$ cat model23.txt   # compact mmCIF, N, CA, C and O atoms
# COMPACT_ATOMS: atom_id res chain seq x y z
N ALA A 691 27.81 117.99 52.30
CA ALA A 691 26.99 119.08 51.81
C ALA A 691 26.33 119.83 52.96
O ALA A 691 26.24 121.04 52.91
N ASN A 692 25.87 119.12 53.99
CA ASN A 692 25.22 119.80 55.11
C ASN A 692 26.19 120.73 55.83
O ASN A 692 25.80 121.83 56.24
N LEU A 693 27.43 120.30 55.98
CA LEU A 693 28.42 121.12 56.65
C LEU A 693 28.67 122.40 55.86
O LEU A 693 28.73 123.49 56.44
N MET A 694 28.79 122.29 54.55
CA MET A 694 28.99 123.48 53.71
C MET A 694 27.77 124.40 53.77
O MET A 694 27.91 125.62 53.81
N ASP A 695 26.58 123.82 53.78
CA ASP A 695 25.36 124.62 53.87
C ASP A 695 25.33 125.43 55.16
O ASP A 695 25.02 126.63 55.15
N LEU A 696 25.65 124.79 56.27
CA LEU A 696 25.66 125.48 57.56
C LEU A 696 26.73 126.57 57.59
O LEU A 696 26.49 127.68 58.07
N THR A 697 27.89 126.25 57.08
CA THR A 697 28.99 127.22 57.07
C THR A 697 28.61 128.44 56.24
O THR A 697 28.92 129.57 56.62
N SER A 698 27.92 128.22 55.14
CA SER A 698 27.55 129.35 54.27
C SER A 698 26.49 130.25 54.91
O SER A 698 26.35 131.40 54.52
N LEU A 699 25.78 129.75 55.91
CA LEU A 699 24.75 130.55 56.58
C LEU A 699 25.31 131.41 57.71
O LEU A 699 24.60 132.25 58.27
N ALA A 700 26.58 131.23 58.05
CA ALA A 700 27.18 131.98 59.16
C ALA A 700 27.21 133.46 58.83
O ALA A 700 27.54 133.85 57.71
N PRO A 701 26.85 134.30 59.80
CA PRO A 701 26.92 135.75 59.57
C PRO A 701 28.36 136.20 59.32
O PRO A 701 29.31 135.60 59.86
N ARG A 702 28.52 137.21 58.53
CA ARG A 702 29.85 137.74 58.23
C ARG A 702 30.53 138.17 59.54
O ARG A 702 29.91 138.79 60.38
N GLY A 703 31.75 137.77 59.72
CA GLY A 703 32.51 138.12 60.91
C GLY A 703 32.27 137.21 62.10
O GLY A 703 32.82 137.42 63.17
N SER A 704 31.46 136.17 61.91
CA SER A 704 31.16 135.25 63.00
C SER A 704 32.41 134.49 63.42
O SER A 704 33.20 134.06 62.58
N LYS A 705 32.58 134.31 64.72
CA LYS A 705 33.72 133.54 65.23
C LYS A 705 33.32 132.09 65.54
O LYS A 705 34.15 131.30 65.94
N ALA A 706 32.03 131.80 65.37
CA ALA A 706 31.54 130.44 65.65
C ALA A 706 32.16 129.46 64.66
O ALA A 706 32.44 129.79 63.51
N LYS A 707 32.36 128.24 65.12
CA LYS A 707 32.96 127.21 64.28
C LYS A 707 31.99 126.04 64.18
O LYS A 707 31.53 125.51 65.19
N VAL A 708 31.66 125.65 62.96
CA VAL A 708 30.78 124.51 62.71
C VAL A 708 31.67 123.30 62.48
O VAL A 708 32.57 123.34 61.64
N GLN A 709 31.42 122.23 63.24
CA GLN A 709 32.22 121.02 63.11
C GLN A 709 31.31 119.80 63.09
O GLN A 709 30.18 119.84 63.58
N LEU A 710 31.84 118.73 62.56
CA LEU A 710 31.16 117.44 62.65
C LEU A 710 31.41 116.85 64.03
O LEU A 710 32.48 117.04 64.60
N PHE A 711 30.44 116.14 64.56
CA PHE A 711 30.62 115.50 65.85
C PHE A 711 31.78 114.52 65.78
O PHE A 711 32.55 114.36 66.73
N GLY A 712 31.95 113.89 64.63
CA GLY A 712 33.03 112.94 64.43
C GLY A 712 34.42 113.56 64.51
O GLY A 712 35.41 112.86 64.67
N ASP A 713 34.51 114.89 64.40
CA ASP A 713 35.80 115.56 64.55
C ASP A 713 36.39 115.35 65.95
O ASP A 713 37.58 115.53 66.15
N PHE A 714 35.55 114.98 66.89
CA PHE A 714 35.99 114.79 68.27
C PHE A 714 36.32 113.33 68.59
O PHE A 714 36.62 113.01 69.73
N ASP A 715 36.29 112.47 67.57
CA ASP A 715 36.60 111.05 67.78
C ASP A 715 38.12 110.87 67.83
O ASP A 715 38.81 111.13 66.84
N PRO A 716 38.67 110.44 68.98
CA PRO A 716 40.12 110.27 69.06
C PRO A 716 40.66 109.21 68.11
O PRO A 716 41.85 109.20 67.80
N LYS A 717 39.80 108.32 67.62
CA LYS A 717 40.24 107.32 66.64
C LYS A 717 40.27 107.88 65.23
O LYS A 717 40.74 107.23 64.31
N GLY A 718 39.71 109.08 65.04
CA GLY A 718 39.74 109.73 63.74
C GLY A 718 38.62 109.33 62.79
O GLY A 718 38.67 109.67 61.61
N ASP A 719 37.61 108.60 63.30
CA ASP A 719 36.47 108.25 62.45
C ASP A 719 35.55 109.46 62.37
O ASP A 719 34.65 109.63 63.19
N ARG A 720 35.78 110.30 61.40
CA ARG A 720 35.10 111.59 61.31
C ARG A 720 33.61 111.46 60.99
O ARG A 720 32.79 112.25 61.45
N ILE A 721 33.24 110.49 60.18
CA ILE A 721 31.85 110.32 59.76
C ILE A 721 31.17 109.29 60.65
O ILE A 721 31.64 108.17 60.79
N ILE A 722 30.05 109.69 61.24
CA ILE A 722 29.25 108.76 62.04
C ILE A 722 28.22 108.14 61.10
O ILE A 722 27.32 108.83 60.62
N LYS A 723 28.39 106.88 60.83
CA LYS A 723 27.55 106.20 59.84
C LYS A 723 26.23 105.74 60.44
O LYS A 723 26.15 105.42 61.63
N ASP A 724 25.22 105.68 59.60
CA ASP A 724 23.91 105.17 59.99
C ASP A 724 24.04 103.68 60.28
O ASP A 724 24.46 102.92 59.42
N PRO A 725 23.70 103.25 61.48
CA PRO A 725 23.88 101.84 61.84
C PRO A 725 22.78 100.91 61.33
O PRO A 725 22.87 99.70 61.48
N TYR A 726 21.77 101.45 60.70
CA TYR A 726 20.58 100.68 60.34
C TYR A 726 20.91 99.42 59.55
O TYR A 726 20.34 98.37 59.80
N TYR A 727 21.81 99.51 58.59
CA TYR A 727 22.09 98.36 57.72
C TYR A 727 23.18 97.44 58.26
O TYR A 727 23.52 96.45 57.64
N GLY A 728 23.73 97.74 59.43
CA GLY A 728 24.81 96.94 59.97
C GLY A 728 24.38 95.93 61.02
O GLY A 728 25.22 95.33 61.67
N GLY A 729 23.06 95.74 61.18
CA GLY A 729 22.58 94.80 62.18
C GLY A 729 22.97 95.25 63.59
O GLY A 729 23.33 96.39 63.83
N ALA A 730 22.91 94.31 64.53
CA ALA A 730 23.23 94.63 65.92
C ALA A 730 24.66 95.12 66.05
O ALA A 730 24.95 96.04 66.82
N ALA A 731 25.56 94.54 65.29
CA ALA A 731 26.97 94.95 65.35
C ALA A 731 27.13 96.39 64.89
O ALA A 731 27.94 97.14 65.45
N GLY A 732 26.37 96.79 63.89
CA GLY A 732 26.42 98.17 63.40
C GLY A 732 26.01 99.17 64.46
O GLY A 732 26.60 100.24 64.59
N PHE A 733 24.99 98.80 65.24
CA PHE A 733 24.55 99.68 66.32
C PHE A 733 25.60 99.77 67.42
O PHE A 733 25.81 100.84 68.00
N GLU A 734 26.27 98.68 67.69
CA GLU A 734 27.32 98.70 68.71
C GLU A 734 28.49 99.58 68.26
O GLU A 734 29.02 100.37 69.04
N VAL A 735 28.89 99.45 67.01
CA VAL A 735 29.97 100.28 66.46
C VAL A 735 29.58 101.75 66.55
O VAL A 735 30.36 102.61 66.98
N ASN A 736 28.35 102.05 66.16
CA ASN A 736 27.84 103.42 66.21
C ASN A 736 27.84 103.95 67.64
O ASN A 736 28.29 105.07 67.91
N TYR A 737 27.36 103.15 68.56
CA TYR A 737 27.30 103.55 69.97
C TYR A 737 28.70 103.86 70.50
O TYR A 737 28.91 104.89 71.15
N GLN A 738 29.65 102.98 70.21
CA GLN A 738 31.01 103.19 70.69
C GLN A 738 31.61 104.48 70.12
O GLN A 738 32.31 105.23 70.82
N GLN A 739 31.34 104.74 68.85
CA GLN A 739 31.86 105.96 68.23
C GLN A 739 31.23 107.20 68.87
O GLN A 739 31.92 108.18 69.16
N VAL A 740 29.94 107.17 69.12
CA VAL A 740 29.26 108.30 69.73
C VAL A 740 29.78 108.54 71.15
O VAL A 740 29.96 109.68 71.57
N VAL A 741 30.05 107.48 71.88
CA VAL A 741 30.62 107.62 73.23
C VAL A 741 32.00 108.29 73.13
O VAL A 741 32.31 109.22 73.87
N ARG A 742 32.84 107.82 72.20
CA ARG A 742 34.18 108.43 72.03
C ARG A 742 34.07 109.91 71.66
O ARG A 742 34.80 110.75 72.20
N CYS A 743 33.16 110.22 70.74
CA CYS A 743 32.98 111.61 70.30
C CYS A 743 32.47 112.47 71.45
O CYS A 743 32.90 113.63 71.61
N SER A 744 31.57 111.93 72.24
CA SER A 744 31.03 112.68 73.39
C SER A 744 32.15 113.01 74.37
O SER A 744 32.26 114.15 74.84
N GLU A 745 32.97 112.02 74.67
CA GLU A 745 34.09 112.25 75.58
C GLU A 745 35.08 113.25 74.98
O GLU A 745 35.57 114.14 75.69
N GLY A 746 35.37 113.12 73.70
CA GLY A 746 36.28 114.04 73.04
C GLY A 746 35.74 115.46 73.04
O GLY A 746 36.49 116.43 73.25
N PHE A 747 34.45 115.61 72.81
CA PHE A 747 33.82 116.93 72.82
C PHE A 747 33.92 117.56 74.21
O PHE A 747 34.30 118.72 74.37
N LEU A 748 33.56 116.77 75.25
CA LEU A 748 33.63 117.30 76.61
C LEU A 748 35.06 117.64 77.00
O LEU A 748 35.30 118.65 77.68
N LYS A 749 36.03 116.84 76.55
CA LYS A 749 37.43 117.17 76.82
C LYS A 749 37.82 118.47 76.14
O LYS A 749 38.58 119.27 76.71
N SER A 750 37.34 118.69 74.93
CA SER A 750 37.68 119.92 74.20
C SER A 750 37.15 121.16 74.92
O SER A 750 37.68 122.25 74.76
N LEU A 751 36.09 120.98 75.70
CA LEU A 751 35.52 122.07 76.48
C LEU A 751 36.13 122.18 77.86
O LEU A 751 35.79 123.07 78.64
N GLY A 752 37.02 121.23 78.18
CA GLY A 752 37.66 121.22 79.50
C GLY A 752 36.72 120.75 80.60
O GLY A 752 36.94 121.06 81.76
N MET A 753 35.72 119.97 80.23
CA MET A 753 34.73 119.53 81.22
C MET A 753 35.07 118.19 81.84
O MET A 753 34.49 117.82 82.84
N ILE A 754 35.96 117.44 81.20
CA ILE A 754 36.43 116.17 81.79
C ILE A 754 37.92 116.05 81.54
O ILE A 754 38.50 116.72 80.72
$ encode --input "model23.txt" --output "structure tokens"
Amino acid sequence: ANLMDLTSLAPRGSKAKVQLFGDFDPKGDRIIKDPYYGGAAGFEVNYQQVVRCSEGFLKSLGMI
């Protein structure tokens, strides 16, 4: 719902693209889940996914 809300706010003719951070995960895990209920292991899974997404995002920009 948040993604649709943001997309609907884009000015007409805008070339900007709204994406989920998870779209940059090379493993394809598009949704970054809240690690709160997963204990220590949940936080590790979340951390690893965020690292992958960060690297994927920077690669998409040609920065690494």
$ atom_distance --input "model23.txt" --atom1 "CA of Cys743 in chain A" --atom2 "CA of Phe714 in chain A"
4.8 Å
$ atom_distance --input "model23.txt" --atom1 "atom C of Leu693 in chain A" --atom2 "CA of Gly746 in chain A"
20.6 Å
$ atom_distance --input "model23.txt" --atom1 "CA of Ala730 in chain A" --atom2 "atom N of Arg742 in chain A"
17.5 Å
$ residues_around --input "model23.txt" --residues "range 706-713 of chain A" --least-positions-apart "5" --cutoff "7 Å" --atoms "all atoms listed in the file" --output "list in words"
Leu693, Leu696, Thr697, Gly718, Asp719, Arg720, Ile721, Ile722, Gln739, Arg742, Cys743, Ser744 and Phe747 of chain A
$ select_by_dssp --input "model23.txt" --residues "range 703-736 of chain A" --states "helix (DSSP H, G or I)" --output "ChimeraX atom specification"
/A:711-714,725-736
$ axis_aligned_box --input "model23.txt" --around "range 712-725 of chain A" --padding-each-side "8 Å" --output "AutoDock Vina command-line options"
--center_x 32.3 --center_y 107.6 --center_z 64.6 --size_x 35.1 --size_y 31.9 --size_z 26.3
